[in-house]
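Q: Here it is: the structure, laid out below.
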Amino acid sequence: MLDYKQEIERRRTFAIISHPDAGKTTLTEKLLLYGGAIQQAGMVKGKRNMRHAVSDWMEIEKQRGISVTSSVMQFAYNNFCINILDTPGHQDFSEDTYRTLMAADSAVMVIDAGKGVEKQTRKLFKVCTLRNIPIFTFINKMDRDARSPYDLTEQIEEELGIKTYAVNWPIGSGRDFQGVYDRAAKKILTFTAEETANGAHQVAESASDLSDPKLAGLLGDDLLATLRDDVELLDGAGEEFSLEDVRQGKLSPVFFGSALTNFGVEPFLQEFLRMTTPPLPRESTAGTVNPTDPDFSAFVFKIQANMNKAHRDRVAFMRICSGEFDRGMEVMHMQGGRKMKLMQPQQLMAEQREVIDHAYAGDIIGVFDPGVFSIGDTLCSPAKKFTFGGIPTFAPEHFSRVSPVDTMKRKQFVKGITQIAQEGAIQIFQELNGSMEEVIVGVVGVLQFEVLEYRLKNEYKVDIRMESLPHEYIRWIQNEDLDPKTLDLTSDTRCIQDLKGSHLLLFVSEWNISWAIDHNKGLHLSEFSNGES
Ligand code: GDP
């Protein structure tokens, strides 16, 4: 038996992000395959045949409970215990991605080699760089026609402001794809299409040296000449490799491969495990919390209601930051101010959900939430109390006025909209002196409105009326005793309040914000309710 410190040391927890269709599900599946967590491809319930994020979400809705998208999967490989956190593939859910990244120690970006960093997902990928965690890039679908590897890496550098280091380099692409050159080992891994055609099994990758005389026959003169030039150029003019920079999120190691045909997946996994660290320390009100501290601590980063329709349950996902979790142990819920037992602790192993007895720092567990948790809440040992820094919310950029079509459904409407807001999927506000029968909903991405409508209808049986507002900017009024009615504002500026009763203003443009500041001496506005800007 390993002791708890060894268990923590062998943990690697990462989030995987991609534009829809880049191959995240396929890569996840292949990783699980190497871990022996599944025996054949096609077992990860992903987002097959789904074309955009809403249908994605709705399909996920059907598969609640086992979908990779709602959760995290754990598998073992070469004595490592790996937790993969999945994220939504659309920029409109970038806040969700950000929260998930808070729970991860590193991130893997999957990019379609034919498309590069896609417009829609720039925001998503950018979010990845906000946390300064190591970011690994897997450029997928090399078995299809790809853009030049120089273009692809340059685009990542320019768009995301992160340096890249190609760990391997592709030889051709599409029908000409011959494999990759592993720069550290100075070896070629050849791609053999026959063996890997269905991609269902683990493939053997053969290696040979750049100086191998057989290479010309294998690759053809042209590809070999290009490869030799590329390698010379990369070694001479490319970024130097620095593990330190990788760990600080300044340099992204780039891997080329083809998840579908299983090519380059295992070398990627091995290098990834070599370059990433075990769970890292986290800051709290009691100073730095080390993962190997014996006292248990965790924070909630995701809440999801109605994962299992039959039970109408609500699950809070938490990342364990230190110590060991034992089923039945008593923990302190800091924000709730009371001791509790975590109910029905679960972990997702490949395609199954399992109730677990033990978990360690680095792991993610989902626990039954009787409606007490909020995003960012800390759980710790009653013997050693502290809180972790909260998870910042993104300022909403789209607003709608929302009410139930049938006023008799008021109760369900309030319940549904409040629960969905507690999950962090939307933010809700009211008119001054308004009631909950009509709320103003703020979201980061417009698709969240569609999800809201769909969920209220399906989970709470409420049809809603939604009227979009022209406002795009939100600012909380920080002056405590100010009566907002006394403010001099442009006619299109709207004053509302949040559920705590704090006043805020909605503006249609930045120009109106400046106007309000210029015309109201001493007015102090902030982008967030807690005064941060
Ligand atoms: P996700 O939306 O990012 O999870 O993408 P999926 O893993 O569902 O993949 C989207 C589509 O691309 C599917 O039809 C996959 O079979 C296909 N695909 C994934 N990886 C590869 C690859 O390496 N090569 C090729 N040719 N197709 C791939």
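To be explicit about the labels: the chains of the structure tokens are called A, B, and onward in the order shown, and within each one the residues are counted from 1, while ligands get numbers from 1 in the order they are shown.
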Taking only C-alpha atoms and all ligand atoms into account, which residues have an atom no farther than 7 Å from ligand 1? I'd like them as a list in words.
A: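 Based on only C-alpha atoms and all ligand atoms, ligand 1 is surrounded within 7 Å by Ser18, His19, Pro20, Asp21, Ala22, Gly23, Lys24, Thr25, Thr26, Leu27, Gly46, Lys47, Arg48, Asn140, Lys141, Met142, Asp143, Arg144, Gly257, Ser258, Ala259, Leu260 and Thr261 of chain A.
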Q: Per DSSP on the backbone, what are the strand (DSSP E) residues of region 283-414 of chain A, as a PyMOL selection string?
A: chain A and resi 283-284+287-289+297-305+314-322+324-326+330-333+338-341+343-349+352-355+358-360+364-368+378-380+398-404
Q: Using only C-alpha atoms, can you tell me which of A:Cys495, A:Ala113, A:Ala395, A:Ala421 comes closest to Gly434 (chain A)?
A: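 Of the candidates, the smallest distance to Gly434 (chain A) is held by A:Cys495.
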Q: Calculated over only C-alpha atoms, which of the candidates A:Glu354, A:Asp245, A:Asp498, A:Glu159 has the smallest distance to Phe429 (chain A)?
A: A:Asp498
Q: Considering only C-alpha atoms, return as a list in words whatever protein or nucleic-acid residues lie within 9 Å of Ile420 (chain A), sequence-local ones (same chain, fewer than 3 positions apart) excluded.
A: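 My list of contacting residues is Gln304, Ala305, Lys415, Gly416, Ile417, Glu423, Gly424, Ala425, Ile426, Gln427, Leu452, Arg455 and Leu456 of chain A.
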Q: Could you produce a table of the residues of region 385-452 of chain A lying within 7 Å of region 273-291 of chain A, with the nearest pair of atoms per residue and their separation in Å rounded to one decimal, using only C-alpha atoms, ordered by chain and increasing residue number, as a Markdown table?
A:
```
| residue | atom | partner | partner_atom | distance |
| --- | --- | --- | --- | --- |
| A:Phe386 | CA | A:Thr285 | CA | 5.5 |
| A:Thr387 | CA | A:Ser284 | CA | 5.5 |
| A:Phe388 | CA | A:Ser284 | CA | 4.3 |
| A:Gly389 | CA | A:Ser284 | CA | 6.2 |
```
Q: Rounded to one decimal in Å, what is the spacing between CA of Ala103 (chain A) and CA of Ile133 (chain A)?
A: 10.8 Å
Q: Could you give me, as JSON, numbers by chain, the residues within 10 Å of Asp326 (chain A), counting only C-alpha atoms and dropping anything in the same chain fewer than 5 positions from it?
A: {"A": [296, 342, 345, 356, 357, 358, 359, 360]}
Q: Using only C-alpha atoms, find the one residue out of A:Ala225, A:Leu32, A:Ile496, A:Val446 that sits nearest to Asp92 (chain A).
A: A:Val446
Q: What is the CA of Gln6 (chain A) to CA of Phe368 (chain A) distance in Å?
A: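 These atoms are spaced 28.1 Å apart.
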Q: If I take CA of Asp483 (chain A) and CA of Glu438 (chain A), how far is one from the other in Å, to one decimal?
A: 22.4 Å
Q: Let me make sure I understand: among A:Ile84, A:Ile111, A:Met466, A:Val180, which one has the smallest atom-to-atom distance to Gln155 (chain A) if we use only C-alpha atoms?
A: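 Among A:Ile84, A:Ile111, A:Met466, A:Val180, it is A:Ile111 that comes nearest to Gln155 (chain A).
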Q: Quick check for you: according to DSSP on this backbone, which residues of region 279-464 of chain A are classed as helix (DSSP H, G or I)? Reply as a PyMOL selection string.
A: chain A and resi 407-422+447-460
Q: Taking only C-alpha atoms into account, name the residue in A:Phe75, A:Phe93, A:Phe373, A:Tyr4 that is nearest to Ala361 (chain A).
A: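 Among A:Phe75, A:Phe93, A:Phe373, A:Tyr4, it is A:Tyr4 that comes nearest to Ala361 (chain A).
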